[in-house]
>>> print(open('entry-v4.cif').read())   # mmCIF, C-alpha atoms
data_final
#
loop_
_atom_site.label_atom_id
_atom_site.label_comp_id
_atom_site.auth_asym_id
_atom_site.auth_seq_id
_atom_site.Cartn_x
_atom_site.Cartn_y
_atom_site.Cartn_z
CA MET A 20 235.19 115.80 223.87
CA ARG A 21 237.60 113.05 222.80
CA SER A 22 238.73 113.32 219.19
CA TRP A 23 237.52 110.41 217.10
CA ARG A 24 240.59 110.74 214.85
CA GLN A 25 242.86 109.41 217.59
CA ASP A 26 244.74 106.40 216.14
CA GLY A 27 244.20 103.07 217.86
CA PHE A 28 241.10 104.23 219.73
CA VAL A 29 239.19 101.11 220.79
CA LEU A 30 235.46 100.90 221.33
CA ARG A 31 234.38 98.96 224.38
CA LEU A 32 231.31 97.06 223.25
CA CYS A 33 228.41 97.64 225.58
CA VAL A 34 225.50 95.36 226.32
CA LEU A 35 222.10 96.88 225.75
CA ALA A 36 219.25 95.42 227.77
CA ALA A 37 216.83 93.57 225.52
CA ALA A 38 213.28 94.82 225.56
CA ALA A 39 210.47 92.43 226.37
CA GLY A 40 210.06 90.04 223.48
CA GLY A 41 213.12 91.53 221.77
CA ALA A 42 214.95 88.27 221.05
CA LEU A 43 217.05 88.09 217.89
CA ALA A 44 214.82 86.99 215.06
CA SER A 45 217.69 86.30 212.64
CA LEU A 46 221.43 86.73 212.46
CA GLU A 47 223.74 86.97 209.44
CA MET A 48 227.47 86.92 210.09
CA ALA A 49 229.18 90.14 209.04
CA LYS A 50 231.91 90.26 206.39
CA ILE A 51 235.35 91.82 206.78
CA ARG A 52 238.00 92.79 204.24
CA ARG A 53 241.43 91.21 204.26
CA GLU A 54 244.53 92.79 202.75
CA GLY A 55 244.42 92.40 199.00
CA GLY A 56 240.66 92.79 198.88
CA THR A 57 239.53 89.30 199.92
CA ILE A 58 236.20 89.32 201.79
CA ILE A 59 235.80 86.73 204.55
CA THR A 60 233.20 86.00 207.21
CA SER A 61 233.72 87.47 210.66
CA SER A 62 233.84 85.13 213.65
CA THR A 63 232.50 87.65 216.18
CA LEU A 64 230.29 90.19 214.39
CA GLY A 65 226.84 89.72 212.87
CA TRP A 66 223.83 91.63 211.56
CA ALA A 67 220.64 91.06 213.58
CA HIS A 68 217.15 91.95 212.41
CA ALA A 69 215.91 94.56 214.90
CA ASP A 70 212.37 95.74 213.97
CA GLY A 71 212.71 98.85 216.08
CA VAL A 72 213.83 97.20 219.35
CA HIS A 73 217.15 97.14 221.12
CA VAL A 74 219.19 93.96 220.84
CA PRO A 75 221.82 92.53 223.20
CA HIS A 76 225.49 93.22 222.45
CA ALA A 77 224.77 95.89 219.84
CA VAL A 78 227.94 97.69 218.65
CA PRO A 79 227.88 101.41 219.50
CA VAL A 80 229.18 104.04 217.10
CA THR A 81 231.13 105.65 219.97
CA GLU A 82 231.74 104.60 223.55
CA ASP A 83 230.37 107.94 224.83
CA ASP A 84 226.90 107.17 223.44
CA PRO A 85 226.06 103.47 223.88
CA ALA A 86 222.44 104.07 222.85
CA THR A 87 223.49 104.95 219.29
CA VAL A 88 224.56 101.81 217.48
CA TRP A 89 225.56 100.76 213.98
CA CYS A 90 222.73 99.75 211.64
CA ARG A 91 222.09 99.04 207.98
CA ALA A 92 219.01 99.17 205.76
CA GLU A 93 218.24 97.82 202.32
CA LYS A 94 216.90 100.17 199.67
CA HIS A 95 216.24 99.00 196.09
CA GLY A 96 218.45 95.96 196.61
CA THR A 97 221.36 97.98 198.02
CA TRP A 98 222.57 97.94 201.62
CA VAL A 99 223.60 101.27 203.15
CA ALA A 100 224.83 101.90 206.69
CA GLY A 101 224.27 104.51 209.36
CA ALA A 102 223.33 104.86 213.02
CA MET A 103 220.29 103.67 214.94
CA HIS A 104 218.92 105.68 217.87
CA SER A 105 215.57 105.31 219.64
CA GLY A 106 214.30 102.72 217.16
CA THR A 107 215.17 104.71 214.01
CA CYS A 108 217.96 103.75 211.62
CA THR A 109 219.28 106.85 209.82
CA VAL A 110 221.31 106.18 206.64
CA PRO A 111 222.58 108.12 203.60
CA PHE A 112 221.11 107.08 200.24
CA LEU A 113 221.69 108.83 196.88
CA GLY A 114 222.44 112.15 198.51
CA SER A 115 219.40 112.00 200.80
CA VAL A 116 218.96 111.01 204.44
CA LEU A 117 216.61 108.08 205.01
CA GLN A 118 215.02 107.27 208.34
CA VAL A 119 213.95 103.63 208.56
CA THR A 120 211.77 102.43 211.43
CA ASP A 121 210.18 99.19 210.28
CA SER A 122 212.90 96.94 208.80
CA TYR A 123 216.62 97.27 209.39
CA GLU A 124 219.53 95.36 210.94
CA VAL A 125 221.85 96.17 213.83
CA LEU A 126 225.53 95.19 214.09
CA VAL A 127 226.00 92.93 217.13
CA SER A 128 228.88 91.28 218.92
CA LEU A 129 228.35 87.53 219.43
CA ASN A 130 228.14 87.01 223.19
CA GLY A 131 230.05 90.25 223.67
CA SER A 132 233.16 88.69 222.14
CA SER A 133 234.11 91.40 219.63
CA ARG A 134 236.63 94.16 219.92
CA VAL A 135 236.49 96.91 217.30
CA ARG A 136 238.44 100.08 216.66
CA TYR A 137 238.77 102.83 214.06
CA GLU A 138 241.52 103.36 211.51
CA ASN A 139 242.06 106.52 209.50
CA TRP A 140 241.38 106.41 205.77
CA ASP A 141 241.67 108.86 202.89
CA ARG A 142 240.97 108.61 199.20
CA TYR A 143 244.57 107.60 198.40
CA LEU A 144 244.41 104.51 200.61
CA ALA A 145 242.72 101.15 200.25
CA PRO A 146 240.21 100.20 202.96
CA PRO A 147 242.12 98.98 206.06
CA HIS A 148 242.72 95.37 207.04
CA ASN A 149 239.65 93.80 208.74
CA ALA A 150 237.34 96.65 207.73
CA VAL A 151 233.72 95.74 208.53
CA SER A 152 231.54 95.74 205.43
CA VAL A 153 227.96 96.82 204.90
CA GLU A 154 228.00 94.71 201.77
CA VAL A 155 230.83 93.53 199.51
CA ARG A 156 231.76 96.99 198.15
CA ARG A 157 230.92 99.24 201.12
CA PHE A 158 232.40 99.58 204.62
CA LEU A 159 231.30 101.21 207.89
CA ALA A 160 232.76 104.70 208.25
CA MET A 161 232.32 107.72 210.54
CA ASP A 162 233.77 111.14 211.27
CA GLU A 163 233.48 113.89 213.85
CA GLY A 164 231.18 116.69 212.78
CA GLU A 165 231.70 120.41 213.35
CA ASP A 166 229.38 120.23 216.36
CA GLY A 167 231.53 117.50 217.93
CA PHE A 168 229.02 114.72 217.37
CA PRO A 169 229.96 111.67 215.27
CA GLN A 170 228.53 111.28 211.78
CA ALA A 171 227.92 107.69 210.69
CA GLY A 172 227.71 106.28 207.19
CA TYR A 173 229.69 104.16 204.78
CA LEU A 174 232.82 104.19 202.62
CA SER A 175 232.64 103.44 198.89
CA PRO A 176 236.16 102.53 197.65
CA GLN A 177 235.04 102.67 194.00
CA GLU A 178 234.00 106.30 194.38
CA ARG A 179 236.89 107.05 196.78
CA ARG A 180 234.43 108.82 199.03
CA ALA A 181 232.73 108.30 202.35
CA PHE A 182 229.05 109.20 202.64
CA LEU A 183 228.09 110.38 206.13
CA VAL A 184 224.86 111.64 207.70
CA ALA A 185 225.31 115.25 208.90
CA GLY A 186 221.96 116.18 210.39
CA PRO A 187 219.47 116.49 207.53
CA HIS A 188 222.21 116.36 204.89
CA VAL A 189 224.70 113.83 203.48
CA ASP A 190 228.35 114.84 203.50
CA LYS A 191 230.70 113.42 200.86
CA VAL A 192 234.18 113.42 202.38
CA ASP A 193 237.64 112.39 201.18
CA ALA A 194 238.81 111.18 204.60
CA ALA A 195 237.08 109.32 207.40
CA MET A 196 237.57 106.65 210.04
CA VAL A 197 236.70 103.06 209.14
CA LEU A 198 235.45 100.48 211.66
CA VAL A 199 237.74 97.42 211.81
CA GLU A 200 237.50 94.19 213.74
CA ASP A 201 240.43 93.77 216.12
CA GLN A 202 241.33 90.09 216.42
CA PRO A 203 243.13 88.64 219.45
CA VAL A 204 246.51 86.97 219.04
CA ARG A 205 245.82 84.18 221.56
CA TYR A 206 243.38 82.84 224.15
CA ASP A 207 243.70 81.80 227.77
CA LEU A 208 241.14 79.38 229.27
CA ARG A 209 241.00 78.95 233.04
CA ALA A 210 238.59 78.25 235.91
CA VAL A 211 237.17 75.33 233.95
CA SER A 212 234.32 73.35 235.51
CA LEU A 213 233.05 70.11 233.95
CA ASP A 214 229.35 69.25 234.11
CA THR A 215 229.71 65.94 235.97
CA SER A 216 226.00 65.18 235.60
CA ARG A 217 226.44 64.87 231.81
CA ILE A 218 229.93 63.43 231.60
CA ALA A 219 230.58 60.31 229.51
CA VAL A 220 233.67 58.19 230.13
CA THR A 221 234.77 55.01 228.36
CA HIS A 222 237.86 52.84 228.77
CA GLU A 223 239.43 50.85 225.96
CA GLU A 224 242.41 48.48 225.96
CA GLU A 225 244.76 48.65 223.00
CA VAL A 226 247.87 46.67 222.12
CA LEU A 227 250.38 49.46 221.61
CA ALA A 228 253.49 47.39 220.81
CA GLU A 229 255.02 43.91 220.98
CA ALA A 230 258.52 42.72 221.84
CA ARG A 231 260.41 39.46 222.31
CA LEU A 232 263.00 38.71 224.99
CA LEU A 233 265.50 35.90 224.27
CA ASN A 234 268.04 33.97 226.29
CA PRO A 235 269.96 31.64 223.92
CA GLY A 236 272.73 30.97 226.47
CA PRO A 237 273.38 27.85 228.55
CA SER A 238 272.38 29.40 231.90
CA ARG A 239 269.46 31.29 233.38
CA GLN A 240 269.63 34.98 232.60
CA HIS A 241 267.75 38.10 233.75
CA VAL A 242 266.92 39.70 230.37
CA VAL A 243 266.26 43.43 230.35
CA GLU A 244 265.25 45.57 227.39
CA ALA A 245 264.38 49.29 227.24
CA ARG A 246 261.34 50.05 225.11
CA GLU A 247 259.87 53.38 224.04
CA VAL A 248 256.11 53.65 223.60
CA VAL A 249 254.54 56.77 222.04
CA VAL A 250 250.92 57.36 223.04
CA THR A 251 248.83 60.13 221.46
CA GLN A 252 246.69 62.24 223.78
CA LEU A 253 243.76 64.08 222.19
CA ALA A 254 242.39 67.35 223.58
CA TYR A 255 239.52 69.46 222.24
CA TRP A 256 237.72 72.42 223.81
CA GLY A 257 235.12 73.07 221.14
CA GLN A 258 234.39 75.66 218.49
CA LEU A 259 232.68 78.43 220.44
CA LYS A 260 230.62 81.23 218.95
CA GLY A 261 232.56 84.44 218.92
CA THR A 262 236.01 82.82 218.80
CA TYR A 263 238.61 82.37 216.07
CA THR A 264 239.69 78.87 215.12
CA GLY A 265 243.43 78.30 214.87
CA LEU A 266 244.71 80.79 217.46
CA ASP A 267 247.26 79.78 220.08
CA ALA A 268 245.61 78.95 223.39
CA HIS A 269 246.87 78.32 226.91
CA VAL A 270 244.46 75.97 228.68
CA VAL A 271 244.45 75.03 232.35
CA SER A 272 242.52 71.76 232.75
CA PRO A 273 240.19 71.32 235.74
CA PRO A 274 241.01 69.14 238.75
CA PRO A 275 242.11 66.50 239.35
CA SER A 276 244.62 66.74 236.48
CA VAL A 277 245.24 70.56 236.60
CA GLU A 278 247.42 70.42 233.49
CA GLU A 279 248.64 73.50 231.62
CA ARG A 280 248.86 73.00 227.88
CA GLU A 281 249.69 75.12 224.85
CA LEU A 282 247.06 74.17 222.26
CA THR A 283 245.50 75.33 219.00
CA TRP A 284 242.02 76.71 219.63
CA GLY A 285 238.95 75.19 217.99
CA VAL A 286 240.59 72.02 216.64
CA GLN A 287 241.40 68.56 217.98
CA ASN A 288 244.93 68.67 219.33
CA GLU A 289 247.15 65.58 219.18
CA LEU A 290 249.83 65.53 221.88
CA ASP A 291 252.44 62.76 221.81
CA ASN A 292 253.48 61.38 225.20
CA VAL A 293 256.61 59.22 225.28
CA HIS A 294 256.86 56.40 227.84
CA ASN A 295 260.29 54.82 228.33
CA GLU A 296 259.81 51.50 230.07
CA LEU A 297 261.97 48.49 230.97
CA LEU A 298 260.85 45.01 230.00
CA GLU A 299 262.50 42.31 232.09
CA TYR A 300 262.17 38.59 232.66
CA ASN A 301 264.22 35.88 234.41
CA LEU A 302 264.52 33.44 231.50
CA PRO A 303 265.65 29.79 231.67
CA PRO A 304 268.43 28.84 229.25
CA GLY A 305 267.58 28.42 225.61
CA THR A 306 264.17 30.09 225.95
CA GLY A 307 262.31 33.21 224.90
CA VAL A 308 259.15 35.07 225.87
CA TRP A 309 256.71 37.29 223.97
CA VAL A 310 255.68 40.62 225.52
CA LYS A 311 252.61 42.71 224.69
CA LEU A 312 252.46 46.30 225.87
CA ILE A 313 248.76 46.97 226.50
CA GLY A 314 247.44 50.43 227.25
CA THR A 315 244.16 51.40 228.87
CA VAL A 316 242.91 54.55 227.14
CA ARG A 317 240.28 56.72 228.80
CA LYS A 318 237.98 58.83 226.61
CA THR A 319 236.05 61.66 228.26
CA GLU A 320 233.33 63.91 226.85
CA ALA A 321 231.61 66.55 228.97
CA PRO A 322 230.09 70.04 228.70
CA TYR A 323 232.11 72.67 230.52
CA SER A 324 232.12 76.31 231.53
CA GLY A 325 235.17 78.46 232.04
CA THR A 326 236.70 81.92 231.78
CA LEU A 327 238.10 82.67 228.33
CA THR A 328 240.48 85.62 228.07
CA SER A 329 241.30 87.18 224.71
CA VAL A 330 244.78 88.69 224.55
CA TYR A 331 245.38 91.37 221.92
CA ARG A 332 248.50 92.56 220.16
CA ASP A 333 248.72 95.73 222.25
CA GLY A 334 248.69 93.67 225.47
CA SER A 335 245.12 94.45 226.47
CA GLN A 336 242.80 91.63 227.57
CA SER A 337 239.10 90.90 227.61
CA SER A 338 237.54 88.04 229.61
CA ARG A 339 234.15 86.37 229.51
CA VAL A 340 232.49 83.18 230.72
CA VAL A 341 232.00 80.60 227.96
CA GLU A 342 230.35 77.20 227.64
CA GLY A 343 231.45 74.43 225.32
CA LEU A 344 232.11 70.71 224.86
CA HIS A 345 235.37 69.20 226.08
CA MET A 346 236.76 65.92 224.72
CA ASP A 347 239.85 64.23 226.08
CA GLN A 348 241.60 60.95 225.30
CA ARG A 349 244.61 59.81 227.28
CA LEU A 350 246.54 56.79 228.56
CA VAL A 351 245.65 55.94 232.16
CA GLN A 352 247.47 52.61 232.49
CA LEU A 353 250.19 50.71 230.65
CA HIS A 354 251.07 47.11 231.48
CA ALA A 355 253.30 44.42 230.02
CA GLN A 356 251.80 40.98 229.43
CA TYR A 357 254.44 38.22 229.28
CA SER A 358 253.60 34.90 227.63
CA SER A 359 254.76 31.55 228.96
CA PRO A 360 258.44 30.99 228.12
CA TYR A 361 259.15 28.63 225.22
CA PHE A 362 262.16 26.64 224.00
CA LEU A 363 263.87 28.34 221.11
CA PHE A 364 264.74 25.11 219.28
CA ASN A 365 261.18 23.75 219.01
CA ASN A 366 258.82 26.49 220.35
CA THR A 367 257.57 24.18 223.11
CA GLU A 368 256.08 26.18 225.98
CA LEU A 369 257.38 25.66 229.51
CA ASP A 370 254.92 24.98 232.29
CA ILE A 371 255.16 28.55 233.58
CA PRO A 372 252.03 30.76 233.68
CA GLU A 373 251.74 34.10 231.92
CA GLN A 374 252.71 37.18 233.91
CA VAL A 375 251.45 40.78 233.94
CA SER A 376 253.47 43.77 235.12
CA VAL A 377 252.05 47.30 235.50
CA LEU A 378 254.47 49.81 233.96
CA TYR A 379 252.50 53.05 234.29
CA LYS A 380 249.33 54.12 236.07
CA SER A 381 247.76 57.58 236.06
CA THR A 382 247.34 59.22 239.44
CA THR A 383 244.12 60.99 238.39
CA THR A 384 240.72 59.36 238.76
CA THR A 385 237.24 59.97 237.38
CA THR A 386 234.30 58.93 239.56
CA THR A 387 231.73 58.08 236.91
CA THR A 388 230.03 55.06 235.45
CA THR A 389 232.18 53.72 232.62
CA THR A 390 231.97 51.13 229.89
CA THR A 391 234.91 48.98 228.82
CA THR A 392 235.70 47.65 225.37
CA THR A 393 238.79 45.98 223.98
CA THR A 394 240.34 46.87 220.66
CA THR A 395 243.56 45.75 219.01
CA THR A 396 245.73 48.02 216.93
CA THR A 397 248.49 46.98 214.57
CA PRO A 398 251.53 46.62 216.84
CA ASP A 399 255.03 47.69 216.09
CA PRO A 400 257.31 45.03 214.53
CA PRO A 401 258.77 42.67 217.17
CA LYS A 402 261.92 43.96 218.74
CA ILE A 403 264.40 41.18 219.64
CA SER A 404 266.78 41.36 222.54
CA MET A 405 269.33 38.60 223.20
CA VAL A 406 271.26 38.33 226.44
CA GLY A 407 273.72 35.49 227.18
CA PRO A 408 277.30 34.36 226.63
CA GLU A 409 276.56 32.88 223.22
CA LYS A 410 273.81 32.49 220.63
CA PRO A 411 272.36 29.07 219.75
CA LYS A 412 274.47 27.26 217.17
CA SER A 413 271.62 25.31 215.62
CA ASP A 414 268.22 23.79 216.31
CA SER A 415 269.79 20.28 215.81
CA LEU A 416 270.75 18.23 218.86
CA SER A 417 273.83 16.98 217.00
CA THR A 418 275.42 20.43 217.28
CA THR A 419 274.35 21.11 220.87
CA SER A 420 276.86 20.60 223.67
CA GLN A 421 276.10 18.17 226.49
CA GLN A 422 276.21 21.08 228.95
CA GLU A 423 273.56 23.02 227.00
CA VAL A 424 271.37 19.91 226.78
CA ALA A 425 271.66 19.24 230.48
CA VAL A 426 270.82 22.84 231.39
CA SER A 427 267.90 23.16 228.98
CA MET A 428 266.27 19.99 230.37
CA HIS A 429 265.44 21.77 233.65
CA ASP A 430 262.36 23.83 234.14
CA GLY A 431 262.12 27.12 236.04
CA ALA A 432 261.86 25.31 239.41
CA GLY A 433 265.16 23.48 238.93
CA GLN A 434 263.40 20.15 238.30
CA LEU A 435 263.81 17.93 235.25
CA ALA A 436 261.14 18.70 232.68
CA PRO A 437 259.30 15.76 230.99
CA ALA A 438 261.02 16.52 227.71
CA GLY A 439 264.34 16.49 229.56
CA LEU A 440 263.68 13.03 231.07
CA ALA A 441 262.93 11.59 227.66
CA LEU A 442 266.03 13.17 226.23
CA LEU A 443 268.22 11.71 229.01
CA ALA A 444 266.82 8.26 228.39
CA ALA A 445 267.56 8.57 224.68
CA LEU A 446 271.12 9.70 225.34
CA ALA A 447 271.75 6.87 227.84
CA LEU A 448 270.48 4.30 225.31
CA ALA A 449 272.70 5.76 222.62
CA ALA A 450 275.70 5.55 224.94
CA ARG A 451 275.07 1.89 225.73
CA VAL A 452 274.70 1.06 222.04
CA ALA A 453 277.94 2.83 221.26
CA ALA A 454 279.75 0.81 223.99
CA LEU A 455 278.72 -2.59 222.54
CA PRO A 456 281.56 -4.54 220.95
#
>>> encode(input="entry-v4.cif", output="structure tokens")
Amino acid sequence: MRSWRQDGFVLRLCVLAAAAGGALASLEMAKIRREGGTIITSSTLGWAHADGVHVPHAVPVTEDDPATVWCRAEKHGTWVAGAMHSGTCTVPFLGSVLQVTDSYEVLVSLNGSSRVRYENWDRYLAPPHNAVSVEVRRFLAMDEGEDGFPQAGYLSPQERRAFLVAGPHVDKVDAAMVLVEDQPVRYDLRAVSLDTSRIAVTHEEEVLAEARLLNPGPSRQHVVEAREVVVTQLAYWGQLKGTYTGLDAHVVSPPPSVEERELTWGVQNELDNVHNELLEYNLPPGTGVWVKLIGTVRKTEAPYSGTLTSVYRDGSQSSRVVEGLHMDQRLVQLHAQYSSPYFLFNNTELDIPEQVSVLYKSTTTTTTTTTTTTTTTTPDPPKISMVGPEKPKSDSLSTTSQQEVAVSMHDGAGQLAPAGLALLAALALAARVAALP
């Protein structure tokens, strides 16, 4: 028979078939001990009220005997632990062996998610890290008896003894093996399938940034400016029962995106995507144009199922099918909206319509009914770009050269603008007046 004192021995948690009507009546999450003595709530282990029936995912005392599982019973306000077999929970209490058949609790693994193992303990050591507690000051302990069968009971650190059931007697021992919860170091989620019948998708337009392109020179210029836009993508795969929040997770998203991401499990992840785009416009002389960078953000919520693999420190893995809620928010389109050009000296708009240019468009699609809303966020401060041989000297016509005036009087089609015609007439009149004797 395998020695139960072997270090690092891991119990493979079995699934016991539930008897008819044997659903869990109640469940209290188990407590585990951290280094330094802090007691926290386990994420994968719980105590289920049994009432003499088998329960799913009960934690066996040893892997060789899956029908004998950990149990605890309350006597005079004190919880003591032992082993349950055939509907009877046998525990040590004040030097006597108690057999409880009517009211006790069984240690269970939530959805089969737990991994437990034993660590050696003696009276000169503190209880090990992640020791599973019966109550605050007692922990599950066992040892191998002289007949080769395991003896289950509990460890009392205050008394520096473990109390184990040895047939009809209770053994008080100075060394035993303590049950500890073995936590994974990371998760891996794959084979994800979204429930398309319950998916909800919305699209929102947001002003992500603003810019201004300027051409103060005397001739038409093609103005180009590079602009960086940072868009935050949100990803969340739910807080699932039997999992630890905050662990590293590698997630492979379902089609059509099929993205592989390194995330933090159980929290909303914010992933910054940087878009480097070129803003460009063929500007008439002495004009400028405002540019809004508008993003279409798609928000998706849907139930999902997938295969979650727990990876442990020793390299071993355990996989199971899970169900949860997935939420995703990402940019699916980015376009630049150019206003009508305007004269820099008086802000008069030219008779040129607004223009829209698509800068980025996602290649993935979602075939669902969507709703569209428009929101406006506070844009970045305007970023000015000037291209041309010289900057404007002044807004006053008295300091503007005749060449600049002549060029600025033409619209984008090469024709004289109405303002330009009026200005020519004024200049001609002034010239005739100046020529009078």
>>> atom_distance(input="entry-v4.cif", atom1="atom CA of A:Gln170", atom2="atom CA of A:Ala67")
21.8 Å
>>> closest_residue(input="entry-v4.cif", among="A:Glu320, A:His241, A:Ser329, A:Ile313", to="A:Gln356", atoms="all atoms listed in the file")
A:Ile313
>>> atom_distance(input="entry-v4.cif", atom1="atom CA of A:Thr251", atom2="atom CA of A:Gly314")
11.4 Å
>>> atom_distance(input="entry-v4.cif", atom1="atom CA of A:Ser133", atom2="atom CA of A:Thr120")
26.2 Å
>>> residues_around(input="entry-v4.cif", residues="stretch 299-310 of chain A", least_positions_apart="6", cutoff="6 Å", atoms="all atoms listed in the file", output="PyMOL selection string")
chain A and resi 229-243+356-358+360-363+427
>>> residues_near_point(input="entry-v4.cif", point="(243.8, 71.5, 220.9)", cutoff="6 Å", atoms="all atoms listed in the file", output="PyMOL selection string")
chain A and resi 254-255+282-284+286-288
>>> resolve_selection(input="entry-v4.cif", expression="the PyMOL selection byres ((chain A and resi 325) around 6)", output="number ranges by chain")
A: 209-211, 324, 326, 340-341
>>> residues_around(input="entry-v4.cif", residues="A:Asp190", least_positions_apart="6", cutoff="12 Å", atoms="all atoms listed in the file", output="mmCIF file with C-alpha atoms, in the frame of the given file")
data_model
loop_
_atom_site.group_PDB
_atom_site.id
_atom_site.type_symbol
_atom_site.label_atom_id
_atom_site.label_comp_id
_atom_site.auth_asym_id
_atom_site.auth_seq_id
_atom_site.Cartn_x
_atom_site.Cartn_y
_atom_site.Cartn_z
ATOM 1 C CA VAL A 110 221.310 106.180 206.640
ATOM 2 C CA PRO A 111 222.580 108.120 203.600
ATOM 3 C CA PHE A 112 221.110 107.080 200.240
ATOM 4 C CA LEU A 113 221.690 108.830 196.880
ATOM 5 C CA GLY A 114 222.440 112.150 198.510
ATOM 6 C CA SER A 115 219.400 112.000 200.800
ATOM 7 C CA VAL A 116 218.960 111.010 204.440
ATOM 8 C CA MET A 161 232.320 107.720 210.540
ATOM 9 C CA ASP A 162 233.770 111.140 211.270
ATOM 10 C CA GLU A 163 233.480 113.890 213.850
ATOM 11 C CA GLY A 164 231.180 116.690 212.780
ATOM 12 C CA GLU A 165 231.700 120.410 213.350
ATOM 13 C CA GLN A 170 228.530 111.280 211.780
ATOM 14 C CA ALA A 171 227.920 107.690 210.690
ATOM 15 C CA GLY A 172 227.710 106.280 207.190
ATOM 16 C CA TYR A 173 229.690 104.160 204.780
ATOM 17 C CA LEU A 174 232.820 104.190 202.620
ATOM 18 C CA ARG A 180 234.430 108.820 199.030
ATOM 19 C CA ALA A 181 232.730 108.300 202.350
ATOM 20 C CA PHE A 182 229.050 109.200 202.640
ATOM 21 C CA LEU A 183 228.090 110.380 206.130
ATOM 22 C CA VAL A 184 224.860 111.640 207.700
#
>>> residues_around(input="entry-v4.cif", residues="A:His148", least_positions_apart="6", cutoff="7 Å", atoms="all atoms listed in the file", output="PyMOL selection string")
chain A and resi 52-54
>>> residues_around(input="entry-v4.cif", residues="A:Ser337", least_positions_apart="2", cutoff="10 Å", atoms="only C-alpha atoms", output="PDB file with C-alpha atoms, in the coordinates of the input")
ATOM      1  CA  ARG A  31     234.380  98.960 224.380  1.00  0.00           C
ATOM      2  CA  GLY A 131     230.050  90.250 223.670  1.00  0.00           C
ATOM      3  CA  SER A 132     233.160  88.690 222.140  1.00  0.00           C
ATOM      4  CA  SER A 133     234.110  91.400 219.630  1.00  0.00           C
ATOM      5  CA  ARG A 134     236.630  94.160 219.920  1.00  0.00           C
ATOM      6  CA  PRO A 203     243.130  88.640 219.450  1.00  0.00           C
ATOM      7  CA  TYR A 206     243.380  82.840 224.150  1.00  0.00           C
ATOM      8  CA  LEU A 327     238.100  82.670 228.330  1.00  0.00           C
ATOM      9  CA  THR A 328     240.480  85.620 228.070  1.00  0.00           C
ATOM     10  CA  SER A 329     241.300  87.180 224.710  1.00  0.00           C
ATOM     11  CA  VAL A 330     244.780  88.690 224.550  1.00  0.00           C
ATOM     12  CA  TYR A 331     245.380  91.370 221.920  1.00  0.00           C
ATOM     13  CA  SER A 335     245.120  94.450 226.470  1.00  0.00           C
ATOM     14  CA  ARG A 339     234.150  86.370 229.510  1.00  0.00           C
TER      15      ARG A 339
END
>>> resolve_selection(input="entry-v4.cif", expression="the PyMOL selection byres ((chain A and resi 157) around 10)", output="JSON list (two decimals) with C-alpha atoms, in the frame of the given file")
[["chain", "number", "residue", "atom", "x", "y", "z"],
["A", 98, "TRP", "CA", 222.57, 97.94, 201.62],
["A", 99, "VAL", "CA", 223.60, 101.27, 203.15],
["A", 100, "ALA", "CA", 224.83, 101.90, 206.69],
["A", 146, "PRO", "CA", 240.21, 100.20, 202.96],
["A", 150, "ALA", "CA", 237.34, 96.65, 207.73],
["A", 151, "VAL", "CA", 233.72, 95.74, 208.53],
["A", 152, "SER", "CA", 231.54, 95.74, 205.43],
["A", 153, "VAL", "CA", 227.96, 96.82, 204.90],
["A", 154, "GLU", "CA", 228.00, 94.71, 201.77],
["A", 155, "VAL", "CA", 230.83, 93.53, 199.51],
["A", 156, "ARG", "CA", 231.76, 96.99, 198.15],
["A", 158, "PHE", "CA", 232.40, 99.58, 204.62],
["A", 159, "LEU", "CA", 231.30, 101.21, 207.89],
["A", 160, "ALA", "CA", 232.76, 104.70, 208.25],
["A", 172, "GLY", "CA", 227.71, 106.28, 207.19],
["A", 173, "TYR", "CA", 229.69, 104.16, 204.78],
["A", 174, "LEU", "CA", 232.82, 104.19, 202.62],
["A", 175, "SER", "CA", 232.64, 103.44, 198.89],
["A", 176, "PRO", "CA", 236.16, 102.53, 197.65],
["A", 177, "GLN", "CA", 235.04, 102.67, 194.00],
["A", 181, "ALA", "CA", 232.73, 108.30, 202.35]]
>>> closest_residue(input="entry-v4.cif", among="A:Val88, A:Ser128, A:Ala195, A:Met103", to="A:Asp141", atoms="all atoms listed in the file")
A:Ala195
